[in-house]
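work_16.pdb (PDB, C-alpha atoms and all ligand atoms)
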ATOM      1  CA  MET A   1    -227.886 -13.047  99.727  1.00  0.00           C
ATOM      2  CA  ASN A   2    -229.084 -12.579  96.147  1.00  0.00           C
ATOM      3  CA  LYS A   3    -226.616  -9.741  95.438  1.00  0.00           C
ATOM      4  CA  GLY A   4    -223.754 -12.055  96.366  1.00  0.00           C
ATOM      5  CA  PHE A   5    -222.675  -9.913  99.311  1.00  0.00           C
ATOM      6  CA  LYS A   6    -224.325  -8.858 102.542  1.00  0.00           C
ATOM      7  CA  LEU A   7    -223.464  -6.766 105.598  1.00  0.00           C
ATOM      8  CA  VAL A   8    -224.477  -8.641 108.744  1.00  0.00           C
ATOM      9  CA  THR A   9    -224.621  -7.651 112.402  1.00  0.00           C
ATOM     10  CA  PHE A  10    -223.746 -10.344 114.922  1.00  0.00           C
ATOM     11  CA  ASN A  11    -225.334 -10.890 118.286  1.00  0.00           C
ATOM     12  CA  LYS A  12    -223.176  -9.389 121.060  1.00  0.00           C
ATOM     13  CA  LEU A  13    -222.997 -11.230 124.372  1.00  0.00           C
ATOM     14  CA  SER A  14    -222.295  -8.280 126.606  1.00  0.00           C
ATOM     15  CA  ASP A  15    -222.049  -7.891 130.341  1.00  0.00           C
ATOM     16  CA  ASP A  16    -220.142  -5.646 132.706  1.00  0.00           C
ATOM     17  CA  ARG A  17    -216.892  -7.432 131.696  1.00  0.00           C
ATOM     18  CA  GLY A  18    -217.243  -6.477 128.031  1.00  0.00           C
ATOM     19  CA  ASN A  19    -218.457  -8.095 124.826  1.00  0.00           C
ATOM     20  CA  LEU A  20    -218.177 -11.542 123.296  1.00  0.00           C
ATOM     21  CA  ILE A  21    -219.242 -12.628 119.823  1.00  0.00           C
ATOM     22  CA  ALA A  22    -219.563 -16.276 118.821  1.00  0.00           C
ATOM     23  CA  LEU A  23    -219.514 -17.264 115.158  1.00  0.00           C
ATOM     24  CA  GLU A  24    -220.848 -20.782 114.615  1.00  0.00           C
ATOM     25  CA  VAL A  25    -220.525 -22.617 111.326  1.00  0.00           C
ATOM     26  CA  LYS A  26    -224.025 -23.050 109.822  1.00  0.00           C
ATOM     27  CA  ASP A  27    -225.445 -20.147 111.845  1.00  0.00           C
ATOM     28  CA  GLU A  28    -223.306 -17.017 111.462  1.00  0.00           C
ATOM     29  CA  ILE A  29    -220.957 -18.666 108.921  1.00  0.00           C
ATOM     30  CA  PRO A  30    -222.974 -20.363 106.156  1.00  0.00           C
ATOM     31  CA  PHE A  31    -220.180 -22.713 104.995  1.00  0.00           C
ATOM     32  CA  ASP A  32    -217.584 -25.051 106.473  1.00  0.00           C
ATOM     33  CA  VAL A  33    -214.458 -23.023 107.245  1.00  0.00           C
ATOM     34  CA  LYS A  34    -211.297 -24.499 105.717  1.00  0.00           C
ATOM     35  CA  ARG A  35    -208.997 -21.515 106.192  1.00  0.00           C
ATOM     36  CA  VAL A  36    -208.677 -18.372 108.301  1.00  0.00           C
ATOM     37  CA  TYR A  37    -206.335 -15.506 107.451  1.00  0.00           C
ATOM     38  CA  TYR A  38    -205.998 -11.945 108.588  1.00  0.00           C
ATOM     39  CA  ILE A  39    -204.718  -8.634 107.304  1.00  0.00           C
ATOM     40  CA  TYR A  40    -203.154  -6.040 109.587  1.00  0.00           C
ATOM     41  CA  GLY A  41    -200.642  -3.217 109.243  1.00  0.00           C
ATOM     42  CA  ALA A  42    -202.087  -2.473 105.795  1.00  0.00           C
ATOM     43  CA  ASN A  43    -200.804   0.710 104.232  1.00  0.00           C
ATOM     44  CA  GLY A  44    -203.635   3.287 104.463  1.00  0.00           C
ATOM     45  CA  ASP A  45    -203.158   4.273 100.783  1.00  0.00           C
ATOM     46  CA  CYS A  46    -203.123   0.772  99.351  1.00  0.00           C
ATOM     47  CA  ILE A  47    -205.856  -1.181  97.639  1.00  0.00           C
ATOM     48  CA  ARG A  48    -205.962  -4.900  98.432  1.00  0.00           C
ATOM     49  CA  GLY A  49    -208.030  -7.597  96.821  1.00  0.00           C
ATOM     50  CA  LYS A  50    -208.824  -6.462  93.264  1.00  0.00           C
ATOM     51  CA  HIS A  51    -210.044  -9.909  92.344  1.00  0.00           C
ATOM     52  CA  ALA A  52    -213.017 -12.249  92.486  1.00  0.00           C
ATOM     53  CA  HIS A  53    -213.203 -15.976  93.164  1.00  0.00           C
ATOM     54  CA  LYS A  54    -214.738 -18.708  91.041  1.00  0.00           C
ATOM     55  CA  ILE A  55    -215.801 -20.891  93.994  1.00  0.00           C
ATOM     56  CA  LEU A  56    -214.540 -19.437  97.284  1.00  0.00           C
ATOM     57  CA  LYS A  57    -216.989 -17.866  99.739  1.00  0.00           C
ATOM     58  CA  GLN A  58    -215.806 -15.669 102.585  1.00  0.00           C
ATOM     59  CA  LEU A  59    -216.919 -13.913 105.722  1.00  0.00           C
ATOM     60  CA  MET A  60    -214.796 -10.859 106.518  1.00  0.00           C
ATOM     61  CA  VAL A  61    -214.825  -9.174 109.919  1.00  0.00           C
ATOM     62  CA  CYS A  62    -212.991  -5.979 110.810  1.00  0.00           C
ATOM     63  CA  MET A  63    -211.965  -6.885 114.372  1.00  0.00           C
ATOM     64  CA  SER A  64    -210.275  -3.534 114.996  1.00  0.00           C
ATOM     65  CA  GLY A  65    -210.254  -0.156 113.238  1.00  0.00           C
ATOM     66  CA  SER A  66    -211.947   0.316 109.892  1.00  0.00           C
ATOM     67  CA  CYS A  67    -211.650  -0.208 106.163  1.00  0.00           C
ATOM     68  CA  SER A  68    -213.808   0.145 103.058  1.00  0.00           C
ATOM     69  CA  PHE A  69    -214.985  -2.684 100.838  1.00  0.00           C
ATOM     70  CA  LEU A  70    -215.936  -2.054  97.255  1.00  0.00           C
ATOM     71  CA  LEU A  71    -218.149  -4.973  96.232  1.00  0.00           C
ATOM     72  CA  ASP A  72    -219.300  -5.595  92.688  1.00  0.00           C
ATOM     73  CA  ASN A  73    -221.323  -8.539  91.394  1.00  0.00           C
ATOM     74  CA  GLY A  74    -221.104  -7.462  87.759  1.00  0.00           C
ATOM     75  CA  THR A  75    -224.391  -5.541  88.004  1.00  0.00           C
ATOM     76  CA  ASP A  76    -224.501  -3.828  91.412  1.00  0.00           C
ATOM     77  CA  ARG A  77    -221.519  -2.032  92.889  1.00  0.00           C
ATOM     78  CA  GLU A  78    -221.471  -0.841  96.519  1.00  0.00           C
ATOM     79  CA  VAL A  79    -218.943   0.570  98.961  1.00  0.00           C
ATOM     80  CA  VAL A  80    -219.402  -0.733 102.500  1.00  0.00           C
ATOM     81  CA  LEU A  81    -217.494   0.612 105.508  1.00  0.00           C
ATOM     82  CA  LEU A  82    -216.625  -1.993 108.134  1.00  0.00           C
ATOM     83  CA  ASN A  83    -215.818  -0.304 111.429  1.00  0.00           C
ATOM     84  CA  LYS A  84    -217.450  -2.452 114.110  1.00  0.00           C
ATOM     85  CA  PRO A  85    -216.238  -5.848 115.357  1.00  0.00           C
ATOM     86  CA  ASN A  86    -219.860  -6.998 115.638  1.00  0.00           C
ATOM     87  CA  GLN A  87    -220.376  -6.655 111.876  1.00  0.00           C
ATOM     88  CA  GLY A  88    -219.154  -8.712 108.967  1.00  0.00           C
ATOM     89  CA  ILE A  89    -219.540  -9.016 105.218  1.00  0.00           C
ATOM     90  CA  TYR A  90    -220.448 -12.269 103.525  1.00  0.00           C
ATOM     91  CA  ILE A  91    -218.972 -12.436 100.066  1.00  0.00           C
ATOM     92  CA  ASP A  92    -220.125 -15.181  97.738  1.00  0.00           C
ATOM     93  CA  SER A  93    -218.224 -16.486  94.714  1.00  0.00           C
ATOM     94  CA  LEU A  94    -218.097 -14.226  91.645  1.00  0.00           C
ATOM     95  CA  VAL A  95    -217.968 -10.933  93.552  1.00  0.00           C
ATOM     96  CA  TRP A  96    -215.215  -8.456  92.696  1.00  0.00           C
ATOM     97  CA  ARG A  97    -213.749  -6.881  95.875  1.00  0.00           C
ATOM     98  CA  GLU A  98    -211.354  -4.043  96.599  1.00  0.00           C
ATOM     99  CA  LEU A  99    -210.326  -3.202 100.164  1.00  0.00           C
ATOM    100  CA  SER A 100    -209.035   0.315 100.895  1.00  0.00           C
ATOM    101  CA  ASN A 101    -208.935   3.167 103.444  1.00  0.00           C
ATOM    102  CA  PHE A 102    -207.326   0.986 106.099  1.00  0.00           C
ATOM    103  CA  SER A 103    -207.005   2.695 109.474  1.00  0.00           C
ATOM    104  CA  LYS A 104    -203.646   2.132 111.210  1.00  0.00           C
ATOM    105  CA  ASP A 105    -205.249  -0.196 113.756  1.00  0.00           C
ATOM    106  CA  CYS A 106    -207.247  -2.153 111.160  1.00  0.00           C
ATOM    107  CA  VAL A 107    -207.327  -5.930 111.568  1.00  0.00           C
ATOM    108  CA  VAL A 108    -209.496  -7.833 109.071  1.00  0.00           C
ATOM    109  CA  VAL A 109    -210.103 -11.504 109.762  1.00  0.00           C
ATOM    110  CA  VAL A 110    -211.288 -13.651 106.865  1.00  0.00           C
ATOM    111  CA  PHE A 111    -213.081 -16.983 107.216  1.00  0.00           C
ATOM    112  CA  ALA A 112    -212.840 -18.884 103.935  1.00  0.00           C
ATOM    113  CA  SER A 113    -214.736 -21.869 102.546  1.00  0.00           C
ATOM    114  CA  GLU A 114    -211.728 -23.345 100.680  1.00  0.00           C
ATOM    115  CA  HIS A 115    -208.003 -23.891 101.019  1.00  0.00           C
ATOM    116  CA  TYR A 116    -205.757 -21.349  99.306  1.00  0.00           C
ATOM    117  CA  ASP A 117    -205.873 -21.982  95.555  1.00  0.00           C
ATOM    118  CA  ARG A 118    -204.470 -19.370  93.170  1.00  0.00           C
ATOM    119  CA  SER A 119    -206.356 -20.986  90.251  1.00  0.00           C
ATOM    120  CA  ASP A 120    -209.629 -19.947  91.917  1.00  0.00           C
ATOM    121  CA  TYR A 121    -208.706 -16.249  91.517  1.00  0.00           C
ATOM    122  CA  ILE A 122    -210.078 -14.030  88.714  1.00  0.00           C
ATOM    123  CA  LEU A 123    -207.551 -11.198  88.583  1.00  0.00           C
ATOM    124  CA  ASP A 124    -208.775  -9.306  85.542  1.00  0.00           C
ATOM    125  CA  TYR A 125    -211.964  -7.236  85.832  1.00  0.00           C
ATOM    126  CA  GLU A 126    -213.004  -7.870  82.199  1.00  0.00           C
ATOM    127  CA  ASP A 127    -212.582 -11.636  82.731  1.00  0.00           C
ATOM    128  CA  PHE A 128    -214.720 -11.296  85.854  1.00  0.00           C
ATOM    129  CA  LEU A 129    -217.497  -9.542  83.897  1.00  0.00           C
ATOM    130  CA  ARG A 130    -217.368 -12.305  81.268  1.00  0.00           C
ATOM    131  CA  GLU A 131    -217.726 -14.963  84.023  1.00  0.00           C
ATOM    132  CA  THR A 132    -220.760 -13.209  85.528  1.00  0.00           C
ATOM    133  CA  LYS A 133    -222.411 -12.999  82.075  1.00  0.00           C
ATOM    134  CA  LYS A 134    -221.807 -16.769  81.544  1.00  0.00           C
ATOM    135  CA  ASN A 135    -223.667 -17.450  84.779  1.00  0.00           C
ATOM    136  CA  ASP A 136    -226.603 -15.262  83.666  1.00  0.00           C
ATOM    137  CA  SER A 137    -227.175 -17.192  80.453  1.00  0.00           C
TER     138      SER A 137
HETATM  139  P1  LIG B 201    -202.944 -11.330  98.093  1.00  0.00           P
HETATM  140  O1  LIG B 201    -203.836 -12.241  97.314  1.00  0.00           O
HETATM  141  O2  LIG B 201    -202.107 -10.362  97.310  1.00  0.00           O
HETATM  142  O3  LIG B 201    -203.788 -10.543  99.192  1.00  0.00           O
HETATM  143  P2  LIG B 201    -205.064  -9.547  99.016  1.00  0.00           P
HETATM  144  O4  LIG B 201    -206.234 -10.413  98.588  1.00  0.00           O
HETATM  145  O5  LIG B 201    -205.271  -8.937 100.368  1.00  0.00           O
HETATM  146  O6  LIG B 201    -204.749  -8.514  97.972  1.00  0.00           O
HETATM  147  O7  LIG B 201    -202.022 -12.236  99.021  1.00  0.00           O
HETATM  148  C1  LIG B 201    -200.776 -11.766  99.532  1.00  0.00           C
HETATM  149  C2  LIG B 201    -199.799 -12.958  99.536  1.00  0.00           C
HETATM  150  O8  LIG B 201    -200.237 -13.960 100.439  1.00  0.00           O
HETATM  151  C3  LIG B 201    -199.677 -13.598  98.175  1.00  0.00           C
HETATM  152  O9  LIG B 201    -198.315 -13.975  98.003  1.00  0.00           O
HETATM  153  C4  LIG B 201    -200.524 -14.854  98.289  1.00  0.00           C
HETATM  154  C5  LIG B 201    -200.389 -15.208  99.748  1.00  0.00           C
HETATM  155  N1  LIG B 201    -201.553 -15.899 100.364  1.00  0.00           N
HETATM  156  C6  LIG B 201    -201.383 -17.167 100.877  1.00  0.00           C
HETATM  157  O10 LIG B 201    -200.290 -17.771 100.794  1.00  0.00           O
HETATM  158  N2  LIG B 201    -202.445 -17.777 101.489  1.00  0.00           N
HETATM  159  C7  LIG B 201    -203.647 -17.174 101.600  1.00  0.00           C
HETATM  160  O11 LIG B 201    -204.600 -17.761 102.180  1.00  0.00           O
HETATM  161  C8  LIG B 201    -203.817 -15.848 101.053  1.00  0.00           C
HETATM  162  C9  LIG B 201    -205.147 -15.137 101.142  1.00  0.00           C
HETATM  163  C10 LIG B 201    -202.740 -15.254 100.451  1.00  0.00           C
END

For the file at hand, write its structure as structure tokens.
Ligand code: TYD
Amino acid sequence: MNKGFKLVTFNKLSDDRGNLIALEVKDEIPFDVKRVYYIYGANGDCIRGKHAHKILKQLMVCMSGSCSFLLDNGTDREVVLLNKPNQGIYIDSLVWRELSNFSKDCVVVVFASEHYDRSDYILDYEDFLRETKKNDS
């Protein structure tokens, strides 16, 4: 994951009853999960996120519906659409993210490597760029 973010497709366990996906820590989730949260009923016009984290790593899965992720590591910037429950995005520390274009039925589940800690947030994009430059030198 040298860009700091990666779209991944999970193995579906499907039979005539439907589909099941298992996410195991160390296999599909490359960190110990300390917190799970989810976003639903997001206003289609809103932008969520708009921050990066100093330490936190996350795996985000759009369990229902769709939404767009703008991901920026200070050098590369990509927009990724999540619209399948068998896909997820790993987001490492020091990646700026903006979530938008939420469908009405969108449910995003987030698996996080740390407990909630507001001091881990970088809320200003210029501060974020400065942090990424520090890590380069
Ligand atoms: P916020 O950081 O604005 O969400 P987003 O990253 O989607 O833009 O979080 C919304 C509110 O929820 C804010 O008051 C902080 C709180 N919150 C928690 O209490 N625990 C958590 O794990 C998270 C992610 C947010």

All file atoms of ligand LIG 201 (chain B) boxed axis-aligned, 8 Å per side, centre plus edges, as lines of an AutoDock Vina configuration file:
center_x = -202.3
center_y = -13.1
center_z = 99.7
size_x = 23.9
size_y = 25.3
size_z = 20.9

Subject >> Which of A:Ile55, A:Leu129, A:Cys46, A:Val110 sits closest to Tyr90 in chain A [using all atoms listed in the file] >> reply: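 Residue with the minimum atom-to-atom distance to Tyr90 in chain A: A:Val110.
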
Subject >> Evaluate the PyMOL selection byres (((not hetatm)) within 8 of (chain B and resi 201)) and report residues as a list of chain:residue names >> reply: A:Arg35, A:Val36, A:Tyr37, A:Ile39, A:Ile47, A:Arg48, A:Gly49, A:Lys50, A:His51, A:Leu99, A:His115, A:Tyr116, A:Asp117, A:Arg118

Original post:
Care to translate the PyMOL selection byres (((chain A and resi 123) around 7) and not hetatm) into actual residues of this file, as JSON, numbers by chain?
Top reply: {"A": [50, 51, 52, 121, 122, 124, 125]}

**OP:** For the file shown, report as a list of chain:residue names the outcome of the PyMOL selection byres (((chain A and resi 80) around 6) and not hetatm) at residue level.
**Re:** A:Ser68, A:Phe69, A:Val79, A:Leu81

Exercise: Phe128 in chain A partners within 12 Å, all atoms listed in the file, chain neighbours under 6 positions left out, as a tab-separated table (two decimals) with C-alpha atoms, keeping the file's coordinate frame:
chain	number	residue	atom	x	y	z
A	50	LYS	CA	-208.82	-6.46	93.26
A	51	HIS	CA	-210.04	-9.91	92.34
A	52	ALA	CA	-213.02	-12.25	92.49
A	53	HIS	CA	-213.20	-15.98	93.16
A	54	LYS	CA	-214.74	-18.71	91.04
A	72	ASP	CA	-219.30	-5.60	92.69
A	73	ASN	CA	-221.32	-8.54	91.39
A	74	GLY	CA	-221.10	-7.46	87.76
A	75	THR	CA	-224.39	-5.54	88.00
A	93	SER	CA	-218.22	-16.49	94.71
A	94	LEU	CA	-218.10	-14.23	91.64
A	95	VAL	CA	-217.97	-10.93	93.55
A	96	TRP	CA	-215.22	-8.46	92.70
A	97	ARG	CA	-213.75	-6.88	95.88
A	120	ASP	CA	-209.63	-19.95	91.92
A	121	TYR	CA	-208.71	-16.25	91.52
A	122	ILE	CA	-210.08	-14.03	88.71
A	134	LYS	CA	-221.81	-16.77	81.54
A	135	ASN	CA	-223.67	-17.45	84.78

**OP:** Please identify all polymer residues within 7 Å of Ser113 in chain A, counting all atoms listed in the file, omitting same-chain residues fewer than 3 positions from it, and present them as a list in words.
**Re:**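 Selected residues are Phe31, Asp32, Val33, Lys34, Arg35, Leu56, Lys57 and Gln58 of chain A.
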
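The coordinates place CA of Thr9 in chain A at 15.6 Å from CA of Val25 in chain A.
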
Original post:
Asn83 in chain A: which residues within 10 Å, counting only C-alpha atoms, same-chain residues fewer than 6 positions away excluded, as a PyMOL selection string?
Top reply: chain A and resi 61-68+103+106

Subject >> Interatomic distance (Å, one decimal) between CA of Ile21 in chain A and CA of Asn43 in chain A >> reply: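 Spanning CA of Ile21 in chain A to CA of Asn43 in chain A is a straight-line distance of 27.6 Å.
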
Original post:
Between A:Leu71, A:Ala42, A:Leu59, A:Ile91, which has the minimum distance to Glu24 in chain A (counting all atoms listed in the file)?
Top reply: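 Comparing A:Leu71, A:Ala42, A:Leu59, A:Ile91 against Glu24 in chain A, the winner is A:Leu59.
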
Subject >> Selected residue of minimal separation from Lys3 in chain A among A:Arg17, A:Lys104, A:Arg77, A:Asn86, counting all atoms listed in the file >> reply: A:Arg77

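A straight line drawn from CA of Val107 in chain A to CA of Pro30 in chain A is 22.0 Å long.
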